[in-house]
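Visitor: Got a structure for you, upload-v1.cif, holding mmCIF, C-alpha atoms.
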data_target
#
loop_
_atom_site.label_atom_id
_atom_site.label_comp_id
_atom_site.auth_asym_id
_atom_site.auth_seq_id
_atom_site.Cartn_x
_atom_site.Cartn_y
_atom_site.Cartn_z
CA MET A 1150 1.46 17.60 -20.62
CA ASN A 1151 2.78 21.14 -20.09
CA ASN A 1152 6.16 21.97 -18.59
CA ASP A 1153 4.77 22.59 -15.10
CA GLU A 1154 3.20 19.14 -15.05
CA ALA A 1155 6.40 17.63 -16.42
CA LYS A 1156 8.43 19.41 -13.73
CA PHE A 1157 6.13 18.12 -11.01
CA LEU A 1158 6.68 14.54 -12.17
CA LEU A 1159 10.37 14.91 -12.93
CA SER A 1160 11.01 16.45 -9.53
CA VAL A 1161 9.98 13.11 -7.97
CA TYR A 1162 11.79 10.92 -10.53
CA ARG A 1163 14.43 8.97 -8.63
CA PRO A 1164 18.02 9.04 -9.79
CA ASN A 1165 18.42 5.23 -9.82
CA GLY A 1166 15.80 4.97 -12.60
CA ARG A 1167 13.36 2.75 -10.75
CA ASP A 1168 10.47 5.00 -11.84
CA ALA A 1169 11.29 4.77 -15.55
CA ALA A 1170 8.54 2.23 -16.21
CA ASP A 1171 5.81 4.61 -15.05
CA PRO A 1172 3.95 5.82 -18.19
CA ALA A 1173 3.44 9.36 -16.86
CA MET A 1174 7.11 9.58 -15.92
CA ALA A 1175 8.07 8.29 -19.36
CA GLU A 1176 6.02 11.04 -20.95
CA ALA A 1177 7.68 13.67 -18.76
CA LEU A 1178 11.11 12.26 -19.61
CA ALA A 1179 10.31 12.38 -23.31
CA GLN A 1180 9.28 16.01 -22.92
CA ALA A 1181 12.57 16.79 -21.19
CA LYS A 1182 14.42 15.27 -24.14
CA ARG A 1183 12.58 17.61 -26.51
CA ASP A 1184 12.99 20.75 -24.39
CA PRO A 1185 16.64 21.74 -23.65
CA ALA A 1186 15.69 24.13 -20.85
CA LEU A 1187 13.59 21.47 -19.15
CA ALA A 1188 16.40 18.95 -19.68
CA ALA A 1189 18.93 21.25 -17.99
CA TRP A 1190 16.55 21.83 -15.08
CA PHE A 1191 15.98 18.08 -14.77
CA GLU A 1192 19.71 17.37 -14.85
CA ARG A 1193 20.32 19.70 -11.89
CA GLN A 1194 17.40 18.15 -9.98
CA GLN A 1195 18.82 14.67 -10.55
CA ALA A 1196 22.31 15.75 -9.52
CA HIS A 1197 20.94 17.25 -6.30
CA ASP A 1198 18.83 14.18 -5.55
CA ALA A 1199 21.72 11.85 -6.30
CA ALA A 1200 23.97 13.86 -3.98
CA VAL A 1201 21.46 13.68 -1.11
CA ALA A 1202 20.77 9.97 -1.73
CA ALA A 1203 24.50 9.25 -1.68
CA LYS A 1204 24.86 11.07 1.65
CA LEU A 1205 21.98 9.05 3.08
CA ARG A 1206 23.72 5.85 2.01
CA GLY A 1207 26.66 7.05 4.05
CA ILE A 1208 24.65 6.67 7.27
CA ALA A 1209 25.61 3.39 8.93
CA PRO A 1210 23.63 1.73 11.70
CA PRO A 1211 25.32 1.53 15.12
CA PRO A 1212 27.79 -1.40 15.18
CA GLY A 1213 25.81 -3.46 17.67
CA LEU A 1214 22.35 -3.05 16.15
CA ARG A 1215 22.37 -6.16 13.96
CA ASP A 1216 23.53 -8.39 16.81
CA ALA A 1217 20.98 -6.83 19.15
CA ILE A 1218 18.15 -7.56 16.71
CA LEU A 1219 19.20 -11.18 16.28
CA ALA A 1220 19.80 -11.68 20.00
CA GLY A 1221 16.41 -10.10 20.77
CA ALA A 1222 14.69 -12.47 18.35
CA ARG A 1223 16.43 -15.48 19.92
CA ALA A 1224 15.42 -14.31 23.40
CA THR A 1225 11.82 -13.94 22.24
CA GLU A 1226 11.89 -17.43 20.76
CA ASN A 1227 13.31 -18.89 23.97
CA ALA A 1228 10.72 -17.09 26.08
CA ARG A 1229 8.02 -18.69 23.96
CA VAL A 1230 9.42 -22.15 24.59
CA VAL A 1231 9.58 -21.61 28.34
CA ARG A 1232 6.05 -20.24 28.64
CA PRO A 1233 3.77 -20.64 25.66
CA ALA A 1234 1.39 -17.69 25.60
CA TRP A 1235 -1.61 -19.85 24.82
CA ARG A 1236 -1.28 -21.67 28.14
CA HIS A 1237 -1.92 -18.51 30.10
CA PRO A 1238 -5.29 -18.80 31.91
CA ALA A 1239 -6.55 -15.58 30.35
CA TRP A 1240 -5.79 -16.90 26.88
CA LEU A 1241 -7.47 -20.21 27.66
CA ALA A 1242 -10.61 -18.40 28.86
CA ALA A 1243 -10.60 -16.22 25.77
CA ALA A 1244 -10.10 -19.28 23.56
CA ALA A 1245 -13.04 -21.04 25.20
CA ALA A 1246 -15.26 -18.01 24.62
CA LEU A 1247 -14.05 -17.84 21.04
CA VAL A 1248 -14.93 -21.48 20.42
CA ILE A 1249 -18.47 -20.87 21.66
CA LEU A 1250 -18.86 -17.76 19.50
CA LEU A 1251 -17.31 -19.53 16.54
CA GLY A 1252 -19.72 -22.41 16.93
CA ALA A 1253 -22.68 -20.05 16.95
CA PHE A 1254 -21.28 -18.22 13.92
CA MET A 1255 -20.61 -21.42 11.98
CA GLY A 1256 -24.12 -22.63 12.72
CA TRP A 1257 -25.50 -19.45 11.19
CA ARG A 1258 -22.94 -19.07 8.48
CA PHE A 1259 -23.03 -22.59 7.11
CA ALA A 1260 -26.68 -23.40 7.53
CA PRO A 1261 -28.09 -24.41 4.12
CA ILE A 1262 -29.50 -21.60 2.03
CA HIS A 1263 -32.95 -22.37 0.69
CA GLY A 1264 -34.82 -21.19 -2.38
CA ALA A 1265 -37.41 -22.79 -4.60
CA THR A 1266 -36.00 -20.98 -7.60
CA LEU A 1267 -32.50 -19.93 -8.53
CA GLU A 1268 -33.36 -16.26 -7.99
CA GLU A 1269 -34.77 -16.92 -4.51
CA PHE A 1270 -31.66 -18.90 -3.63
CA ALA A 1271 -29.45 -16.13 -5.08
CA VAL A 1272 -31.20 -13.38 -3.12
CA ASN A 1273 -30.94 -15.39 0.10
CA PHE A 1274 -27.25 -16.07 -0.59
CA VAL A 1275 -26.42 -12.40 -1.15
CA ASP A 1276 -28.58 -11.29 1.74
CA ARG A 1277 -26.70 -13.49 4.22
CA GLY A 1278 -23.30 -12.29 3.04
CA PHE A 1279 -20.43 -14.28 1.59
CA THR A 1280 -16.74 -14.16 0.76
CA LEU A 1281 -15.10 -14.19 -2.66
CA GLN A 1282 -12.70 -17.01 -3.49
CA LYS A 1283 -10.91 -15.09 -6.23
CA ARG A 1284 -10.51 -11.31 -6.28
CA SER A 1285 -9.63 -9.38 -9.42
CA ALA A 1286 -10.87 -6.38 -11.35
CA ASP A 1287 -10.08 -8.22 -14.58
CA VAL A 1288 -13.02 -10.30 -15.86
CA ALA A 1289 -10.64 -12.38 -17.99
CA VAL A 1290 -8.76 -13.42 -14.84
CA LEU A 1291 -12.02 -14.42 -13.16
CA LYS A 1292 -13.15 -16.39 -16.22
CA ALA A 1293 -9.82 -18.20 -16.33
CA TRP A 1294 -10.09 -19.04 -12.63
CA LEU A 1295 -13.60 -20.46 -13.10
CA ALA A 1296 -12.62 -22.31 -16.30
CA GLU A 1297 -9.73 -24.02 -14.49
CA ARG A 1298 -12.29 -25.43 -12.09
CA GLN A 1299 -14.75 -26.48 -14.82
CA GLN A 1300 -17.31 -24.03 -13.50
CA PRO A 1301 -20.10 -22.59 -15.68
CA LEU A 1302 -18.94 -19.45 -17.48
CA PRO A 1303 -20.99 -16.35 -18.20
CA GLN A 1304 -20.82 -16.27 -22.01
CA THR A 1305 -23.27 -13.57 -23.03
CA LEU A 1306 -23.62 -10.91 -20.37
CA PRO A 1307 -25.36 -7.73 -21.55
CA THR A 1308 -22.93 -5.21 -23.04
CA GLU A 1309 -23.65 -2.72 -20.24
CA PHE A 1310 -21.70 -5.01 -17.89
CA ALA A 1311 -18.53 -3.75 -19.52
CA ARG A 1312 -19.12 -0.47 -17.66
CA LEU A 1313 -19.01 -2.21 -14.27
CA ARG A 1314 -15.88 -2.89 -12.24
CA ALA A 1315 -15.32 -6.58 -11.52
CA LEU A 1316 -14.71 -7.49 -7.86
CA GLY A 1317 -14.21 -11.24 -7.89
CA CYS A 1318 -15.91 -14.62 -8.09
CA ARG A 1319 -16.61 -17.82 -6.22
CA MET A 1320 -18.14 -21.28 -6.65
CA LEU A 1321 -21.26 -22.61 -4.94
CA GLU A 1322 -24.02 -25.17 -5.41
CA PHE A 1323 -27.77 -24.92 -5.96
CA GLN A 1324 -29.89 -28.09 -5.85
CA GLY A 1325 -26.79 -30.19 -6.55
CA ARG A 1326 -25.74 -28.08 -9.56
CA GLU A 1327 -22.52 -26.14 -9.90
CA VAL A 1328 -23.03 -22.40 -9.77
CA SER A 1329 -20.53 -19.65 -10.60
CA LEU A 1330 -20.94 -16.28 -8.94
CA VAL A 1331 -19.24 -13.25 -10.50
CA CYS A 1332 -19.50 -9.91 -8.67
CA PHE A 1333 -19.28 -6.38 -10.01
CA GLU A 1334 -19.53 -2.88 -8.58
CA ARG A 1335 -20.41 0.59 -9.80
CA GLY A 1336 -21.09 3.73 -7.78
CA GLY A 1337 -21.07 1.92 -4.47
CA LYS A 1338 -23.73 -0.59 -5.61
CA GLU A 1339 -22.96 -4.28 -6.12
CA PHE A 1340 -24.11 -6.56 -8.93
CA HIS A 1341 -23.88 -10.32 -8.38
CA VAL A 1342 -24.31 -12.64 -11.36
CA PHE A 1343 -25.14 -16.31 -10.68
CA VAL A 1344 -24.57 -18.72 -13.56
CA VAL A 1345 -25.86 -22.32 -13.89
CA ARG A 1346 -25.39 -24.51 -16.97
CA ARG A 1347 -28.60 -25.40 -18.81
CA GLU A 1348 -27.29 -28.91 -19.32
CA ALA A 1349 -27.16 -29.35 -15.56
CA GLY A 1350 -30.85 -30.24 -15.63
CA ALA A 1351 -34.16 -28.45 -15.71
CA ILE A 1352 -34.65 -25.68 -13.22
CA ASP A 1353 -37.40 -23.13 -12.98
CA ALA A 1354 -35.95 -20.28 -15.06
CA PRO A 1355 -37.42 -17.97 -17.70
CA GLU A 1356 -36.29 -18.40 -21.32
CA THR A 1357 -36.14 -14.88 -22.77
CA SER A 1358 -37.58 -11.90 -20.89
CA PRO A 1359 -36.08 -11.44 -17.43
CA ARG A 1360 -38.22 -12.41 -14.47
CA TRP A 1361 -37.96 -10.01 -11.53
CA ILE A 1362 -38.31 -10.34 -7.79
CA GLU A 1363 -37.67 -7.78 -5.06
CA ARG A 1364 -36.77 -8.60 -1.47
CA GLY A 1365 -36.06 -5.73 0.93
CA ARG A 1366 -33.03 -3.84 -0.34
CA LEU A 1367 -32.31 -6.41 -3.03
CA VAL A 1368 -33.67 -6.85 -6.52
CA ALA A 1369 -33.10 -9.92 -8.69
CA ALA A 1370 -33.60 -10.67 -12.37
CA ALA A 1371 -33.48 -14.18 -13.87
CA TRP A 1372 -33.01 -15.03 -17.55
CA SER A 1373 -31.44 -17.68 -19.77
CA ASP A 1374 -29.46 -18.01 -22.96
CA ALA A 1375 -28.49 -21.02 -25.07
CA SER A 1376 -25.81 -22.14 -22.58
CA ASN A 1377 -26.79 -20.97 -19.10
CA HIS A 1378 -29.39 -19.76 -16.67
CA TYR A 1379 -28.53 -16.43 -15.04
CA VAL A 1380 -29.63 -14.47 -12.01
CA LEU A 1381 -28.50 -10.94 -11.30
CA VAL A 1382 -28.89 -9.75 -7.69
CA SER A 1383 -28.19 -6.13 -6.78
CA ASP A 1384 -28.73 -3.57 -4.08
CA ALA A 1385 -29.06 -0.88 -6.78
CA PRO A 1386 -32.51 0.62 -7.56
CA THR A 1387 -34.64 -1.55 -9.85
CA GLU A 1388 -34.51 1.06 -12.62
CA THR A 1389 -30.71 1.00 -12.57
CA VAL A 1390 -30.67 -2.78 -12.83
CA LYS A 1391 -33.22 -2.72 -15.66
CA ARG A 1392 -31.03 -0.28 -17.61
CA LEU A 1393 -28.13 -2.67 -17.14
CA LEU A 1394 -30.04 -5.51 -18.79
CA MET B 1126 10.58 -18.72 9.90
CA SER B 1127 13.97 -20.37 10.38
CA ASN B 1128 16.82 -18.58 12.16
CA GLU B 1129 18.78 -18.50 8.92
CA ALA B 1130 15.92 -16.93 6.99
CA PHE B 1131 15.38 -14.38 9.75
CA THR B 1132 19.07 -13.47 9.75
CA GLN B 1133 18.95 -13.01 5.97
CA LEU B 1134 15.91 -10.78 6.34
CA VAL B 1135 17.67 -8.66 8.97
CA ASP B 1136 20.82 -8.40 6.87
CA ALA B 1137 18.86 -7.39 3.79
CA HIS B 1138 16.84 -4.60 5.37
CA TYR B 1139 18.06 -3.38 8.74
CA THR B 1140 20.41 -0.74 7.33
CA ALA B 1141 17.77 0.96 5.17
CA LEU B 1142 15.25 0.65 7.99
CA TYR B 1143 17.70 2.29 10.38
CA ARG B 1144 18.21 5.23 8.00
CA PHE B 1145 14.45 5.65 7.70
CA ALA B 1146 14.06 5.38 11.49
CA LEU B 1147 16.86 7.88 12.11
CA SER B 1148 15.20 10.46 9.89
CA LEU B 1149 11.93 10.00 11.78
CA ALA B 1150 13.12 9.66 15.36
CA ARG B 1151 16.00 12.18 15.05
CA ASN B 1152 18.31 10.30 17.40
CA ALA B 1153 20.29 7.09 17.08
CA ALA B 1154 18.99 5.42 20.23
CA ASP B 1155 15.31 5.81 19.34
CA ALA B 1156 16.05 4.82 15.74
CA GLY B 1157 17.75 1.63 16.91
CA ASP B 1158 14.80 0.87 19.18
CA LEU B 1159 12.37 1.37 16.31
CA VAL B 1160 14.29 -1.04 14.08
CA GLN B 1161 14.51 -3.64 16.85
CA GLN B 1162 10.82 -3.25 17.63
CA THR B 1163 9.99 -3.69 13.93
CA PHE B 1164 11.91 -6.96 13.72
CA PHE B 1165 10.42 -8.07 17.01
CA ILE B 1166 6.95 -7.61 15.54
CA TRP B 1167 8.08 -9.50 12.45
CA ALA B 1168 9.30 -12.35 14.64
CA THR B 1169 5.92 -12.57 16.34
CA LYS B 1170 3.54 -11.72 13.48
CA GLY B 1171 5.27 -11.11 10.19
CA GLY B 1172 6.30 -14.70 9.66
CA SER B 1173 2.72 -15.42 8.68
CA LEU B 1174 2.94 -13.01 5.73
CA ARG B 1175 2.03 -15.16 2.74
CA ASP B 1176 3.89 -13.19 0.08
CA ALA B 1177 7.58 -13.11 1.02
CA ALA B 1178 8.22 -10.53 -1.68
CA LYS B 1179 6.23 -8.05 0.38
CA ALA B 1180 8.41 -8.42 3.47
CA LYS B 1181 10.37 -5.23 2.77
CA SER B 1182 7.25 -3.15 2.31
CA TRP B 1183 5.77 -4.76 5.44
CA LEU B 1184 8.84 -3.84 7.48
CA PHE B 1185 8.84 -0.20 6.38
CA THR B 1186 5.11 0.06 7.01
CA THR B 1187 5.41 -1.49 10.45
CA LEU B 1188 8.31 0.74 11.41
CA TYR B 1189 6.41 3.84 10.35
CA ARG B 1190 3.30 2.78 12.27
CA GLU B 1191 5.37 2.05 15.35
CA PHE B 1192 6.87 5.51 15.07
CA LEU B 1193 3.45 7.13 14.73
CA ARG B 1194 2.17 5.12 17.68
CA GLY B 1195 5.03 6.26 19.86
CA ARG B 1196 4.90 9.99 19.41
CA ARG B 1197 2.42 12.80 19.60
CA ARG B 1198 1.47 14.38 16.30
CA ASP B 1199 3.68 17.31 15.38
CA ALA B 1200 1.62 20.52 15.29
CA ARG B 1201 3.80 21.84 12.51
CA ALA B 1202 2.36 19.26 10.19
CA THR B 1203 -0.67 21.51 9.74
CA SER B 1204 1.26 24.10 7.76
CA ILE B 1205 1.56 22.01 4.61
CA GLU B 1206 -0.20 24.40 2.27
CA ASP B 1207 2.00 27.34 3.16
CA LEU B 1208 5.13 25.72 1.80
CA PRO B 1209 6.51 26.36 -1.65
CA ALA B 1210 6.62 23.44 -4.06
CA GLY B 1211 10.00 21.93 -4.83
CA GLU B 1212 10.08 22.45 -8.57
CA GLN B 1213 12.14 25.64 -8.50
CA ASP B 1214 15.45 25.68 -10.25
CA ILE B 1215 18.53 24.39 -8.44
CA ALA B 1216 21.80 26.22 -8.89
CA ALA B 1217 24.90 24.15 -9.59
CA GLU B 1218 26.40 25.56 -6.37
CA GLU B 1219 23.65 23.88 -4.36
CA VAL B 1220 24.66 20.47 -5.70
CA ASP B 1221 28.31 21.18 -4.88
CA ARG B 1222 27.30 22.34 -1.42
CA VAL B 1223 25.52 19.05 -0.70
CA ALA B 1224 28.50 17.10 -2.01
CA ARG B 1225 30.78 18.94 0.43
CA LEU B 1226 28.57 18.26 3.45
CA ASP B 1227 29.10 15.11 5.46
CA ALA B 1228 26.38 12.43 5.75
CA GLY B 1229 25.54 13.39 9.33
CA THR B 1230 24.91 16.99 8.37
CA VAL B 1231 22.62 15.98 5.51
CA MET B 1232 20.74 13.66 7.87
CA SER B 1233 20.46 16.51 10.35
CA ALA B 1234 18.93 18.71 7.64
CA LEU B 1235 16.53 15.91 6.72
CA GLN B 1236 15.55 15.57 10.37
CA GLY B 1237 14.68 19.28 10.33
CA VAL B 1238 12.02 18.76 7.66
CA ASP B 1239 8.46 18.57 8.95
CA GLU B 1240 7.49 14.99 9.65
CA VAL B 1241 4.63 14.91 7.17
CA PHE B 1242 7.19 15.49 4.42
CA ARG B 1243 10.14 13.79 6.09
CA ALA B 1244 8.78 10.25 5.91
CA PRO B 1245 8.05 10.25 2.15
CA LEU B 1246 11.23 12.22 1.49
CA THR B 1247 13.42 9.68 3.25
CA LEU B 1248 11.73 6.78 1.48
CA PHE B 1249 12.26 8.68 -1.79
CA TYR B 1250 16.00 9.05 -1.20
CA LEU B 1251 16.41 5.50 0.10
CA GLN B 1252 15.06 4.31 -3.27
CA GLU B 1253 14.02 1.00 -1.77
CA LEU B 1254 10.27 1.07 -2.39
CA SER B 1255 8.08 1.75 -5.41
CA TYR B 1256 5.68 4.69 -5.24
CA GLN B 1257 2.82 2.24 -4.75
CA GLU B 1258 4.65 0.73 -1.76
CA ILE B 1259 5.48 4.17 -0.34
CA ALA B 1260 1.83 5.15 -0.65
CA GLU B 1261 0.79 1.97 1.16
CA THR B 1262 3.44 2.44 3.84
CA LEU B 1263 2.26 5.97 4.60
CA ASP B 1264 -1.41 5.15 3.93
CA VAL B 1265 -1.91 8.06 1.53
CA PRO B 1266 -2.61 8.17 -2.24
CA ILE B 1267 0.36 8.23 -4.64
CA GLY B 1268 -0.55 11.76 -5.74
CA THR B 1269 -0.29 12.92 -2.14
CA VAL B 1270 3.10 11.22 -1.81
CA MET B 1271 4.36 13.11 -4.86
CA SER B 1272 2.92 16.40 -3.69
CA ARG B 1273 4.52 15.98 -0.26
CA LEU B 1274 7.82 15.04 -1.87
CA SER B 1275 7.77 18.14 -3.97
CA ARG B 1276 7.17 20.35 -0.94
CA GLY B 1277 9.48 18.35 1.28
CA LYS B 1278 12.33 18.79 -1.15
CA ALA B 1279 11.86 22.55 -0.94
CA GLN B 1280 12.09 22.35 2.85
CA LEU B 1281 15.14 20.13 2.67
CA ARG B 1282 16.94 22.50 0.33
CA ALA B 1283 16.26 25.36 2.73
CA ALA B 1284 17.51 23.24 5.64
CA LEU B 1285 20.65 22.22 3.72
CA GLU B 1286 21.34 25.86 2.97
CA LYS B 1287 21.01 26.69 6.67
CA GLU B 1288 23.35 23.85 7.56
CA ALA B 1289 25.92 25.08 5.06
CA VAL B 1290 25.57 28.68 6.20
CA GLY B 1291 25.70 27.51 9.82
CA VAL B 1292 29.05 25.85 9.18
CA GLY B 1293 30.28 29.00 7.48
CA ALA B 1294 28.83 31.26 10.16
CA LYS B 1295 30.79 29.47 12.87
CA VAL B 1296 33.98 30.19 10.99
CA VAL B 1297 33.07 33.84 10.49
CA ALA B 1298 32.07 34.22 14.15
CA PHE B 1299 35.40 32.74 15.23
CA ASN B 1300 37.31 35.19 13.08
CA VAL B 1301 35.26 38.14 14.26
CA ALA B 1302 35.77 37.17 17.87
CA LYS B 1303 39.47 36.85 17.27
CA GLY B 1304 39.51 40.36 15.85
CA GLY B 1305 37.64 41.68 18.86
CA LYS B 1306 34.95 43.38 16.78
CA ALA B 1307 31.36 42.56 16.13
#
Go ahead and render the structure in this file as structure tokens.

Guide:
Amino acid sequence: MNNDEAKFLLSVYRPNGRDAADPAMAEALAQAKRDPALAAWFERQQAHDAAVAAKLRGIAPPPGLRDAILAGARATENARVVRPAWRHPAWLAAAAALVILLGAFMGWRFAPIHGATLEEFAVNFVDRGFTLQKRSADVAVLKAWLAERQQPLPQTLPTEFARLRALGCRMLEFQGREVSLVCFERGGKEFHVFVVRREAGAIDAPETSPRWIERGRLVAAAWSDASNHYVLVSDAPTETVKRLL
Amino acid sequence: MSNEAFTQLVDAHYTALYRFALSLARNAADAGDLVQQTFFIWATKGGSLRDAAKAKSWLFTTLYREFLRGRRRDARATSIEDLPAGEQDIAAEEVDRVARLDAGTVMSALQGVDEVFRAPLTLFYLQELSYQEIAETLDVPIGTVMSRLSRGKAQLRAALEKEAVGVGAKVVAFNVAKGGKA
């Protein structure tokens, strides 16, 4: 870090020290300790900032503002009691329309997903769209979340997966078996890994070499290890997915 | 949310919110309205916020969005790149000058800073939010917040200097007038 970079950071370092934990700020502060000229410059910046901040703290709200806020909130609450918004005819009509739409959506959304094999099921699942139950970029967090729920855990993912950014995970079922789904992303493409325990019973899955299927924009690869059966579904080009495995 | 909890929330944040609103709206009446509107929205929507620890950040964000919604974009905001950065040296006299000014004058100088810099600058001096929270409030990356702060501070220093000179100029003008010469 040169002095110009340090000055840029130190110029936005707040006088109450709440930015001290920031690693880049800490580096700039350390540089200021080593460089007397930079330290003197920083001291004047801090004094100026502290003076302005102190003046700002001298601004008091108008005397009646607090009472007006509280009275306004009470009036709003009372108005709600007198005339609940949801009883308005327009709201009731909108609610009725929403129920119809919701019913149609639920019928589509929660219809069973079929697939003779795990990879067919996985492709259909990803193709229809889904939500994650746990979001984190930290794979360890996702593993812990799945472990808490006694879900199958991906033990031996190819090393290339370390280059992907984790998105999250969820639980689901395939032919009565528990399935964990862990999702990753790289370069705008998503990689969804489905995991089923081998001990959960025989399913049609390859032992060693991955088995591939392609469906529209999606490609899927299925393989197994000593503990689990896996399916990777992605919207990335097949060659990209092959390099990953 | 119970009345007691709402009152505690108001007591904890309305002062800082008012200072932020005053820097944005530039007059006490509009600032008061903005703060009231923000708590009104909280009363109707914010109570459903799952993480109570984020209430402060939510309030600042809502106030800022309400402000943006209620005004037309300031054309001066396009001149960002022409401004000097704020890393130049500060003379000791400048610090003394600020210390001598009253709070209203400093607020007036802050209100003279272009809005694109004024919002992050006020949040910077209020020292209530982390940089991550400021970035989320203003919906810009942290690097942009820092860059705008740096330039905003340069504008503020220029405005403070004008305020100080303005106070002095009034005195000089009075004396000149008394002497009858320009």

Visitor: Starting from the PyMOL selection byres ((chain B and resi 1150) around 12), expand the selection into actual residues of this file and give them as a PDB file with C-alpha atoms, in the coordinates of the input.

Guide:
ATOM      1  CA  LEU B1142      15.250   0.650   7.990  1.00  0.00           C
ATOM      2  CA  TYR B1143      17.700   2.290  10.380  1.00  0.00           C
ATOM      3  CA  ARG B1144      18.210   5.230   8.000  1.00  0.00           C
ATOM      4  CA  PHE B1145      14.450   5.650   7.700  1.00  0.00           C
ATOM      5  CA  ALA B1146      14.060   5.380  11.490  1.00  0.00           C
ATOM      6  CA  LEU B1147      16.860   7.880  12.110  1.00  0.00           C
ATOM      7  CA  SER B1148      15.200  10.460   9.890  1.00  0.00           C
ATOM      8  CA  LEU B1149      11.930  10.000  11.780  1.00  0.00           C
ATOM      9  CA  ARG B1151      16.000  12.180  15.050  1.00  0.00           C
ATOM     10  CA  ASN B1152      18.310  10.300  17.400  1.00  0.00           C
ATOM     11  CA  ALA B1153      20.290   7.090  17.080  1.00  0.00           C
ATOM     12  CA  ALA B1154      18.990   5.420  20.230  1.00  0.00           C
ATOM     13  CA  ASP B1155      15.310   5.810  19.340  1.00  0.00           C
ATOM     14  CA  ALA B1156      16.050   4.820  15.740  1.00  0.00           C
ATOM     15  CA  GLY B1157      17.750   1.630  16.910  1.00  0.00           C
ATOM     16  CA  ASP B1158      14.800   0.870  19.180  1.00  0.00           C
ATOM     17  CA  LEU B1159      12.370   1.370  16.310  1.00  0.00           C
ATOM     18  CA  VAL B1160      14.290  -1.040  14.080  1.00  0.00           C
ATOM     19  CA  LEU B1188       8.310   0.740  11.410  1.00  0.00           C
ATOM     20  CA  TYR B1189       6.410   3.840  10.350  1.00  0.00           C
ATOM     21  CA  GLU B1191       5.370   2.050  15.350  1.00  0.00           C
ATOM     22  CA  PHE B1192       6.870   5.510  15.070  1.00  0.00           C
ATOM     23  CA  LEU B1193       3.450   7.130  14.730  1.00  0.00           C
ATOM     24  CA  GLY B1195       5.030   6.260  19.860  1.00  0.00           C
ATOM     25  CA  ARG B1196       4.900   9.990  19.410  1.00  0.00           C
ATOM     26  CA  ARG B1197       2.420  12.800  19.600  1.00  0.00           C
ATOM     27  CA  MET B1232      20.740  13.660   7.870  1.00  0.00           C
ATOM     28  CA  SER B1233      20.460  16.510  10.350  1.00  0.00           C
ATOM     29  CA  LEU B1235      16.530  15.910   6.720  1.00  0.00           C
ATOM     30  CA  GLN B1236      15.550  15.570  10.370  1.00  0.00           C
ATOM     31  CA  GLY B1237      14.680  19.280  10.330  1.00  0.00           C
ATOM     32  CA  VAL B1238      12.020  18.760   7.660  1.00  0.00           C
ATOM     33  CA  ASP B1239       8.460  18.570   8.950  1.00  0.00           C
ATOM     34  CA  GLU B1240       7.490  14.990   9.650  1.00  0.00           C
ATOM     35  CA  ARG B1243      10.140  13.790   6.090  1.00  0.00           C
ATOM     36  CA  ALA B1244       8.780  10.250   5.910  1.00  0.00           C
TER      37      ALA B1244
END

Visitor: Apply the PyMOL selection byres ((chain A) within 7 of (chain B)) to the structure shown and report the selected residues as a list in words.

Guide: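 On this input, the PyMOL selection byres ((chain A) within 7 of (chain B)) captures Lys1156, Phe1157, Ser1160, Val1161, Trp1190, Arg1193, Gln1194, Ala1196, His1197, Ala1200, Val1201, Ala1202, Lys1204, Leu1205, Gly1207, Ile1208, Ala1209, Pro1210, Leu1214, Ile1218, Leu1219 and Ala1222 of chain A.
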
Visitor: Looking at B:Ala1130, B:Ala1289, B:Val1241, B:Ala1284, which one is nearest to Leu1263 (chain B), with distances taken over all atoms listed in the file?

Guide: B:Val1241

Visitor: Please provide as a PyMOL selection string all residues within 8 Å of region 1390-1393 of chain A, with the sequence filter that same-chain residues fewer than 2 positions apart are discarded (counting all atoms listed in the file).

Guide: chain A and resi 1307+1309-1310+1383+1385-1388

Visitor: With all atoms listed in the file as the counted atoms, please give the residues lying no more than 10 Å from Leu1291 (chain A), apart from itself and same-chain residues fewer than 3 positions off, as a list in words.

Guide: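 My reading of the contact set: Lys1283, Arg1284, Ser1285, Ala1286, Asp1287, Val1288, Trp1294, Leu1295, Ala1296, Glu1297, Leu1302, Ala1315, Leu1316, Gly1317, Cys1318, Arg1319, Val1331 and Cys1332 of chain A.
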
Visitor: What's around Arg1366 (chain A) at 12 Å? Count only C-alpha atoms, leave out sequence neighbours fewer than 3 positions away in its own chain, and write the answer as a ChimeraX atom specification.

Guide: /A:1272-1273,1275-1276,1338-1339,1362-1363,1369,1382-1387

Visitor: Just the number, please: distance in Å from CA of Arg1167 (chain A) to CA of Asn1151 (chain A), one decimal.

Guide: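 Computing the Euclidean distance for CA of Arg1167 (chain A) and CA of Asn1151 (chain A) yields 23.2 Å.
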
Visitor: Hey, can you check how far CA of Glu1176 (chain A) sits from CA of Gln1257 (chain B)?

Guide: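 Answer for the CA of Glu1176 (chain A) to CA of Gln1257 (chain B) separation: 18.7 Å.
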
Visitor: Looking at all atoms listed in the file, which of A:Gln1300, A:Thr1389, A:Ala1354, A:Pro1359 is the one that sits closest to Gly1336 (chain A)?

Guide: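 Once distances to Gly1336 (chain A) are computed over all atoms listed in the file, the minimum belongs to A:Thr1389.
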
Visitor: Enter the distance from CA of Leu1313 (chain A) to CA of Phe1340 (chain A), in Å, rounded to one decimal.

Guide: 8.6 Å

Visitor: To verify the selection step, state as a list in words which residues the PyMOL selection byres ((chain A and resi 1324-1327) around 7) yields on this input.

Guide: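 Written out, the selection comes to Gln1300, Leu1321, Glu1322, Phe1323, Val1328, Ser1329, Val1345 and Ala1349 of chain A.
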
Visitor: Would you list the contacts of Ala1271 (chain A) as a list in words, taking every protein, DNA or RNA residue within 8 Å and counting all atoms listed in the file, but skipping same-chain residues closer than 3 positions in sequence?

Guide: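 Skipping anything fewer than 3 positions along the chain leaves Gly1264, Leu1267, Glu1268, Phe1274, Val1275, Phe1343, Val1380 and Val1382 of chain A.
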